[in-house]
Amino acid sequence: MDKIGIEEMIRTLGRLKTKEMYLNDFFLTWDKSDDEVAATFAVAEILRGLRENNLSSRVFDSGLAISLFRDNSTRTRFSYASAANLLGLEVQDLDEKKSQIAHGETVRETANMISFMADVIGIRDDMYIGKGHTYMQEVAQAVQGGYEDGVLEQRPTLVNLQCDIDHPTQSMADMLHVINHFGGVENLKGKKVAMTWAYSPSYGKPLSVPQGIIGLFSRFGMDVTLAHPEGYNVMPEVEQVAQRNSEHGGGSYKRVNSMEEAFQDADIVYPKSWAPFSVMEERTKLVEQGDEKGLADLEKRGLENNKKYMDWECTEDLMGKTRDGNALYMHCLPADITGVSCEHGEVEASVFDRYRVPLYQEAGFKPYIIAAMIFLSKFRNPADKLQELLVAGNRRIR
Amino acid sequence: MDKIGIEEMIRTLGRLKTKEMYLNDFFLTWDKSDDEVAATFAVAEILRGLRENNLSSRVFDSGLAISLFRDNSTRTRFSYASAANLLGLEVQDLDEKKSQIAHGETVRETANMISFMADVIGIRDDMYIGKGHTYMQEVAQAVQGGYEDGVLEQRPTLVNLQCDIDHPTQSMADMLHVINHFGGVENLKGKKVAMTWAYSPSYGKPLSVPQGIIGLFSRFGMDVTLAHPEGYNVMPEVEQVAQRNSEHGGGSYKRVNSMEEAFQDADIVYPKSWAPFSVMEERTKLVEQGDEKGLADLEKRGLENNKKYMDWECTEDLMGKTRDGNALYMHCLPADITGVSCEHGEVEASVFDRYRVPLYQEAGFKPYIIAAMIFLSKFRNPADKLQELLVAGNRRIR
Amino acid sequence: MDKIGIEEMIRTLGRLKTKEMYLNDFFLTWDKSDDEVAATFAVAEILRGLRENNLSSRVFDSGLAISLFRDNSTRTRFSYASAANLLGLEVQDLDEKKSQIAHGETVRETANMISFMADVIGIRDDMYIGKGHTYMQEVAQAVQGGYEDGVLEQRPTLVNLQCDIDHPTQSMADMLHVINHFGGVENLKGKKVAMTWAYSPSYGKPLSVPQGIIGLFSRFGMDVTLAHPEGYNVMPEVEQVAQRNSEHGGGSYKRVNSMEEAFQDADIVYPKSWAPFSVMEERTKLVEQGDEKGLADLEKRGLENNKKYMDWECTEDLMGKTRDGNALYMHCLPADITGVSCEHGEVEASVFDRYRVPLYQEAGFKPYIIAAMIFLSKFRNPADKLQELLVAGNRRIR
């Protein structure tokens, strides 16, 4: 994007209502208005444009971006670090293993102790149904309280780096990829999206990606189909969100039990494994009870059950059924690729290979999406601030 | 604090003698003159004031703040990272597990190898009596030698992030909290302080907090009482420091074996568990001998002995005996809270809850205390430099 | 170095051809022209001079320096962090243990995922013959592809922080130490260098240091002798490099099986342990086969064999045979010091002690060498950029 393009996008941004994002958190995309979602995309594109033109987006002279990863991560970890660094914040990771977090120490205490100079806190907590989102809310309440009580000089804002319900930095990056692929959000009406389950030899993958996709993609007037084998349901409340969104946006939402049906004439396909909601609920209970044997049994049953659906694979044949045999194949990565990462997986190797470059581009939006979320929570008038950066013209590589 | 308040404090700072702090380390508060202690408080308050006014304190364009934690840490780790970031330094952690530190490699060698671009080194080494402070002195000598020999271009200064003798970043933050609570250092004369042992179901807690408190609080004309069960003595040389300080400062120091006696009419109470000095000495020897069985026995005996004093708990009843039933309750956190983090602990839950906000505020001084220690070791004329920052008026969030 | 010295060196740099280094990687010193090697030394010295004069070399406003250490490291880790920080980049470490790198995930994928905002990637991968250098080339190809495909906005450049073939940040730092010690590169012609094996009680030390030394030191018209017990050969292709270099540079290269012969009249001695090439090759195969027993046997045999050569120790007697008994003793550290880190090691304690300060100075060049490698890959006209920094005169400690 050249500078004229950037200026144009800044003007677009200026027309959007973003006041509610100021000093606010980003938990679930469906908590955000259409303007707020659009503003996040716009800021992400503008920040990318500035960087492409070697212009600095360093809006912080100093400050910390706290991260807390309760699950392994490469993509999101590096995206978060990139976003923080782009804006001038330094990542400080809370490694719960190296920390002196006392048995019984409250979330309220830990949250305040790490936040004395924190401008943003990013959390990944996606392992247990009913836990991650709740934990993030507790942290948000704790730092809000700390701010009000004069413990904290600033109220750090939270970014959900994946919880049990949503994975907004992923779904927003995915959507920005879709917007770019189809040449603008105005071209999405009527496009057919297949968010489908796919077989994987591993167990217990989070629901937050499919949930995030149906909860977000349903807003743009597209026809969204969720496909999975019987019993592999996602959280019903998220399906309700998708239903409401599709009505509001002029598209549709439906659920089917056939991968083939979902792929038929699809413009976008997102085949990906996840564990059934009911299994994840049972797992949370067993973890709470410390029932190791129950957990092992559940895993065994889960893997056995998965095997019934080994034919849920994104093959060349299935891709042939999509619109002009040419749907946009998407994945949050890493994918389970048949014959590469496992014997039987989510996707045939030749399909994955053909879409490798777009898949990497898809992932490349995430740092900017995260930076945009932080930016919008820190500036009351984001368009003015971005215009200021553009005019200042400070070079990133000096 | 507004800008007029900041300017006033800068003028106060300008009248204090801080020349000896320049290019010097911060090991023990009792190594520092009254002016130096006062200057540390002043710089901490000024840096806090600048940040509250969104003014940058970034005095380093680049540079490293090395950290070495030989014990777990959340509060101090984040405080150190915050302080470094505030001044423009980047933390580089020496993780001894990931490092290629050869068997028999000298402290001298490691200290030089990590210091080529280090402006400050922060060390926590609090586990073994006779070790931590000695180690820090060895590191200081090593980098001084490296500087004199032309190995290092700058002499990194050291900050004690807790040793076996003192915990100056804690005690100084605690004291600054006390000063703020009572509305100024001039209001402390004659106040009664109870630094008391309290029961905890854990074993081997360092002595450096009680030692740091009696060694520092005894300087301000207050009546300091150390209370612990018989046998739970702290290091005698630190008691001598407290005695000398109290004589010099016009207060008093005494030791009693009753929590109740210490709490009677106290203005400040600091109930906290620690291991007896003699046990810690024995432990150090057993560790040196690699006597695993001896260590297990010692721990068992230690825990058994602790149990005799389970009634050393900061209860509402005890709090009722303090001045107007309203003493300032202090703790370095995390506390062992009865019924929350353990069955029987240091403090009754309702007491802790009532003091939660002041406790968090107390902890909130630590980043600024550490930043002040670094600042004073780096600028010959700290008042001039701070005035310069105030006048420059660079914004932190730009 | 004063500012006049810096200006002079900038003029020297301006006369060297460095265009090929721009946007290029640094894998092996023998891939680089004489001008490029000289430019790296010059930039390192200039950056050091700027820092000594408290002048900022911060050429990046933001940006990430990725590190990937597949082997433990203190010296190189801190040197890399120092170099990155000096230039304004923030280190982001890829800890493969904390990462979600899928089984079978391609190097291509991981390399792109960590590089969205990466300006440089530093890798240590020195454990297995035939692996490290190959891996670095794969990463370089992956990010080149990512850049060409529009996945990455910039092409991060790679710095070899030690591979199976070369250890260029070490050998270049060593050489800069030699240049400084002898008062200029023009004084090196005819100097005699002894790169010799030495006994160590440990097994499997990489070959990249001796290989790096003979591959680089042979360029300067010196007489380089590699000495080792029979069977402790290094990679033959690197010996060929040394041979070619020495012919081109007007010096000589030879191999002998006697430490004494190599030390005779030497101006520089570099006694250091390594594992034989054939053993390292066998080890790589056994690791590939997952042959745990074979590996244990190999280690046992290796250690047994080493013991035959316990007299390969850098003693005072041997040092006495060098030029005026006063050769420059070198080591990459940490050294195995007899009676200090082990019973019998590479060097007698009194020799090591006598050379301690020069050894630390030798290590002190590494951060600047790494910074120079990064700098030269990022600026088409490095001399102009450095002159700009000198004229700007921004202070590092402000």
# chains A, B, ... in the order shown; residues from 1 in each chain; ligands from 1
>>> select_by_dssp(residues="segment 29-252 of chain C", states="alpha helix (DSSP H)", output="VMD selection string")
chain C and resid 34 to 52 75 to 87 107 to 113 132 to 148 168 to 181 208 to 217 236 to 249
>>> residues_around(residues="Asp336 of chain A", least_positions_apart="2", cutoff="10 Å", atoms="only C-alpha atoms", output="NGL selection string")
(:A and (198-202 or 272-273 or 333-334 or 338-349 or 352)) or (:C and (102-105))
>>> residues_around(residues="Leu318 of chain A", least_positions_apart="6", cutoff="9 Å", atoms="only C-alpha atoms", output="number ranges by chain")
A: 259-260, 263-264, 325
>>> closest_atom_pairs(of="chain B", to="chain A", cutoff="8 Å", atoms="only C-alpha atoms", output="CSV")
residue,atom,partner,partner_atom,distance
B:Glu52,CA,A:Glu153,CA,6.5
B:Ser56,CA,A:Asp61,CA,6.8
B:Arg58,CA,A:Ser62,CA,7.4
B:Asn72,CA,A:Gln100,CA,5.2
B:Ser73,CA,A:Gln100,CA,4.7
B:Thr74,CA,A:Ser99,CA,4.8
B:Arg75,CA,A:Met113,CA,5.9
B:Phe78,CA,A:Ile114,CA,5.9
B:Ser79,CA,A:Phe116,CA,7.8
B:Ala81,CA,A:Gln92,CA,7.4
B:Ser82,CA,A:Met117,CA,5.9
B:Asn85,CA,A:Ser62,CA,6.2
B:Leu86,CA,A:Ser62,CA,6.0
B:Gly88,CA,A:Ser62,CA,7.0
B:Pro334,CA,A:Ala102,CA,6.2
B:Val340,CA,A:Gly104,CA,5.9
B:Ser341,CA,A:Gly104,CA,4.2
B:Cys342,CA,A:Gly104,CA,7.6
B:Val357,CA,A:Asp149,CA,6.7
B:Tyr360,CA,A:Val151,CA,6.1
B:Gln361,CA,A:Val151,CA,4.9
B:Ala363,CA,A:Met113,CA,7.3
B:Gly364,CA,A:Phe116,CA,6.2
B:Pro367,CA,A:Phe116,CA,7.7
B:Arg395,CA,A:Asp61,CA,7.2
B:Arg396,CA,A:Asp61,CA,4.8
B:Ile397,CA,A:Phe60,CA,4.7
B:Arg398,CA,A:Val59,CA,5.2
>>> write_last_selection(atoms="N, CA and C atoms", output="PDB file, in the first residue's frame")
ATOM      1  N   GLU B  52       3.085   9.219  35.900  1.00  0.00           N
ATOM      2  CA  GLU B  52       1.676   9.601  36.090  1.00  0.00           C
ATOM      3  C   GLU B  52       1.289  10.736  35.145  1.00  0.00           C
ATOM      4  N   SER B  56       8.150  10.765  29.641  1.00  0.00           N
ATOM      5  CA  SER B  56       9.158   9.725  29.472  1.00  0.00           C
ATOM      6  C   SER B  56      10.329   9.911  30.428  1.00  0.00           C
ATOM      7  N   ARG B  58      12.968   7.899  29.837  1.00  0.00           N
ATOM      8  CA  ARG B  58      13.886   7.052  29.080  1.00  0.00           C
ATOM      9  C   ARG B  58      15.246   7.725  28.970  1.00  0.00           C
ATOM     10  N   ASN B  72      12.779 -18.624  42.550  1.00  0.00           N
ATOM     11  CA  ASN B  72      11.591 -18.176  41.835  1.00  0.00           C
ATOM     12  C   ASN B  72      11.192 -16.764  42.228  1.00  0.00           C
ATOM     13  N   SER B  73      10.520 -16.087  41.327  1.00  0.00           N
ATOM     14  CA  SER B  73      10.132 -14.706  41.593  1.00  0.00           C
ATOM     15  C   SER B  73       9.074 -14.269  40.598  1.00  0.00           C
ATOM     16  N   THR B  74       8.050 -13.608  41.059  1.00  0.00           N
ATOM     17  CA  THR B  74       7.121 -12.933  40.150  1.00  0.00           C
ATOM     18  C   THR B  74       7.216 -11.445  40.391  1.00  0.00           C
ATOM     19  N   ARG B  75       6.970 -11.035  41.645  1.00  0.00           N
ATOM     20  CA  ARG B  75       6.907  -9.617  41.962  1.00  0.00           C
ATOM     21  C   ARG B  75       8.209  -8.910  41.606  1.00  0.00           C
ATOM     22  N   PHE B  78       9.064  -8.911  37.770  1.00  0.00           N
ATOM     23  CA  PHE B  78       8.295  -7.931  37.001  1.00  0.00           C
ATOM     24  C   PHE B  78       8.668  -6.504  37.400  1.00  0.00           C
ATOM     25  N   SER B  79       8.999  -6.303  38.659  1.00  0.00           N
ATOM     26  CA  SER B  79       9.412  -4.970  39.102  1.00  0.00           C
ATOM     27  C   SER B  79      10.727  -4.573  38.433  1.00  0.00           C
ATOM     28  N   ALA B  81      11.936  -5.777  35.597  1.00  0.00           N
ATOM     29  CA  ALA B  81      11.672  -5.572  34.167  1.00  0.00           C
ATOM     30  C   ALA B  81      11.009  -4.220  33.929  1.00  0.00           C
ATOM     31  N   SER B  82      10.100  -3.847  34.812  1.00  0.00           N
ATOM     32  CA  SER B  82       9.412  -2.564  34.684  1.00  0.00           C
ATOM     33  C   SER B  82      10.393  -1.412  34.845  1.00  0.00           C
ATOM     34  N   ASN B  85      12.737  -1.164  31.801  1.00  0.00           N
ATOM     35  CA  ASN B  85      12.002  -0.649  30.649  1.00  0.00           C
ATOM     36  C   ASN B  85      11.708   0.844  30.787  1.00  0.00           C
ATOM     37  N   LEU B  86      11.356   1.265  31.974  1.00  0.00           N
ATOM     38  CA  LEU B  86      11.046   2.677  32.226  1.00  0.00           C
ATOM     39  C   LEU B  86      12.228   3.572  31.852  1.00  0.00           C
ATOM     40  N   GLY B  88      14.689   2.659  29.733  1.00  0.00           N
ATOM     41  CA  GLY B  88      15.167   2.422  28.364  1.00  0.00           C
ATOM     42  C   GLY B  88      16.115   1.248  28.231  1.00  0.00           C
ATOM     43  N   PRO B 334       3.817 -13.251  48.410  1.00  0.00           N
ATOM     44  CA  PRO B 334       2.482 -13.713  48.788  1.00  0.00           C
ATOM     45  C   PRO B 334       2.426 -14.135  50.256  1.00  0.00           C
ATOM     46  N   VAL B 340      -7.266 -19.902  53.010  1.00  0.00           N
ATOM     47  CA  VAL B 340      -7.211 -19.535  51.584  1.00  0.00           C
ATOM     48  C   VAL B 340      -6.058 -20.281  50.916  1.00  0.00           C
ATOM     49  N   SER B 341      -4.826 -19.959  51.331  1.00  0.00           N
ATOM     50  CA  SER B 341      -3.688 -20.651  50.726  1.00  0.00           C
ATOM     51  C   SER B 341      -3.235 -21.857  51.546  1.00  0.00           C
ATOM     52  N   CYS B 342      -3.765 -21.995  52.753  1.00  0.00           N
ATOM     53  CA  CYS B 342      -3.385 -23.115  53.620  1.00  0.00           C
ATOM     54  C   CYS B 342      -4.391 -23.191  54.762  1.00  0.00           C
ATOM     55  N   VAL B 357      -5.918  -3.676  49.436  1.00  0.00           N
ATOM     56  CA  VAL B 357      -5.540  -2.538  48.586  1.00  0.00           C
ATOM     57  C   VAL B 357      -4.229  -1.902  49.050  1.00  0.00           C
ATOM     58  N   TYR B 360      -1.307  -4.083  48.015  1.00  0.00           N
ATOM     59  CA  TYR B 360      -0.957  -3.990  46.597  1.00  0.00           C
ATOM     60  C   TYR B 360      -0.238  -2.664  46.312  1.00  0.00           C
ATOM     61  N   GLN B 361      -0.684  -1.610  46.990  1.00  0.00           N
ATOM     62  CA  GLN B 361      -0.003  -0.320  46.819  1.00  0.00           C
ATOM     63  C   GLN B 361       1.437  -0.411  47.309  1.00  0.00           C
ATOM     64  N   ALA B 363       3.340  -3.000  47.289  1.00  0.00           N
ATOM     65  CA  ALA B 363       4.119  -3.698  46.254  1.00  0.00           C
ATOM     66  C   ALA B 363       4.402  -2.791  45.061  1.00  0.00           C
ATOM     67  N   GLY B 364       3.493  -1.854  44.823  1.00  0.00           N
ATOM     68  CA  GLY B 364       3.600  -0.976  43.658  1.00  0.00           C
ATOM     69  C   GLY B 364       4.750   0.005  43.720  1.00  0.00           C
ATOM     70  N   PRO B 367       8.850  -1.260  41.663  1.00  0.00           N
ATOM     71  CA  PRO B 367       9.474  -0.900  40.371  1.00  0.00           C
ATOM     72  C   PRO B 367      10.175   0.457  40.418  1.00  0.00           C
ATOM     73  N   ARG B 395       6.517  12.575  25.736  1.00  0.00           N
ATOM     74  CA  ARG B 395       5.433  11.751  26.244  1.00  0.00           C
ATOM     75  C   ARG B 395       5.785  10.271  26.203  1.00  0.00           C
ATOM     76  N   ARG B 396       5.341   9.523  27.210  1.00  0.00           N
ATOM     77  CA  ARG B 396       5.570   8.075  27.208  1.00  0.00           C
ATOM     78  C   ARG B 396       4.654   7.414  26.187  1.00  0.00           C
ATOM     79  N   ILE B 397       3.345   7.615  26.346  1.00  0.00           N
ATOM     80  CA  ILE B 397       2.442   7.237  25.264  1.00  0.00           C
ATOM     81  C   ILE B 397       2.362   8.469  24.393  1.00  0.00           C
ATOM     82  N   ARG B 398       2.883   8.347  23.197  1.00  0.00           N
ATOM     83  CA  ARG B 398       3.151   9.557  22.407  1.00  0.00           C
ATOM     84  C   ARG B 398       1.895  10.226  21.883  1.00  0.00           C
TER      85      ARG B 398
END
>>> residues_around(residues="Asp384 of chain A", least_positions_apart="5", cutoff="9 Å", atoms="only C-alpha atoms", output="PyMOL selection string")
chain A and resi 10+14+389
>>> write_last_selection(atoms="N, CA and C atoms", output="mmCIF file, in the first residue's frame")
data_model
loop_
_atom_site.group_PDB
_atom_site.id
_atom_site.type_symbol
_atom_site.label_atom_id
_atom_site.label_comp_id
_atom_site.auth_asym_id
_atom_site.auth_seq_id
_atom_site.Cartn_x
_atom_site.Cartn_y
_atom_site.Cartn_z
ATOM 1 N N ILE A 10 -7.068 5.810 6.353
ATOM 2 C CA ILE A 10 -7.185 6.584 7.598
ATOM 3 C C ILE A 10 -8.494 7.378 7.592
ATOM 4 N N GLY A 14 -11.582 7.082 10.184
ATOM 5 C CA GLY A 14 -12.088 8.248 10.905
ATOM 6 C C GLY A 14 -13.608 8.308 10.952
ATOM 7 N N LEU A 389 1.429 9.823 12.628
ATOM 8 C CA LEU A 389 2.575 8.955 12.324
ATOM 9 C C LEU A 389 2.975 9.077 10.857
#
>>> atom_distance(atom1="atom CA of Gly49 of chain B", atom2="atom CA of Glu8 of chain B")
11.5 Å
>>> residues_around(residues="segment 180-187 of chain A", least_positions_apart="4", cutoff="9 Å", atoms="only C-alpha atoms", output="number ranges by chain")
A: 175-176, 191, 220, 328, 358
>>> atom_distance(atom1="atom CA of Ile129 of chain C", atom2="atom CA of Ile165 of chain C")
7.7 Å
>>> closest_residue(among="C:Val159, C:Ala392, C:Ala335, C:Gln144", to="Ala84 of chain C", atoms="only C-alpha atoms")
C:Val159
>>> residues_around(residues="Lys300 of chain C", least_positions_apart="4", cutoff="12 Å", atoms="only C-alpha atoms", output="list in words")
Pro201, Ser202, Tyr203, Gly204, Val279, Lys293, Gly294, Leu295, Ala296, Glu304, Asn305, Asn306 and Lys307 of chain C
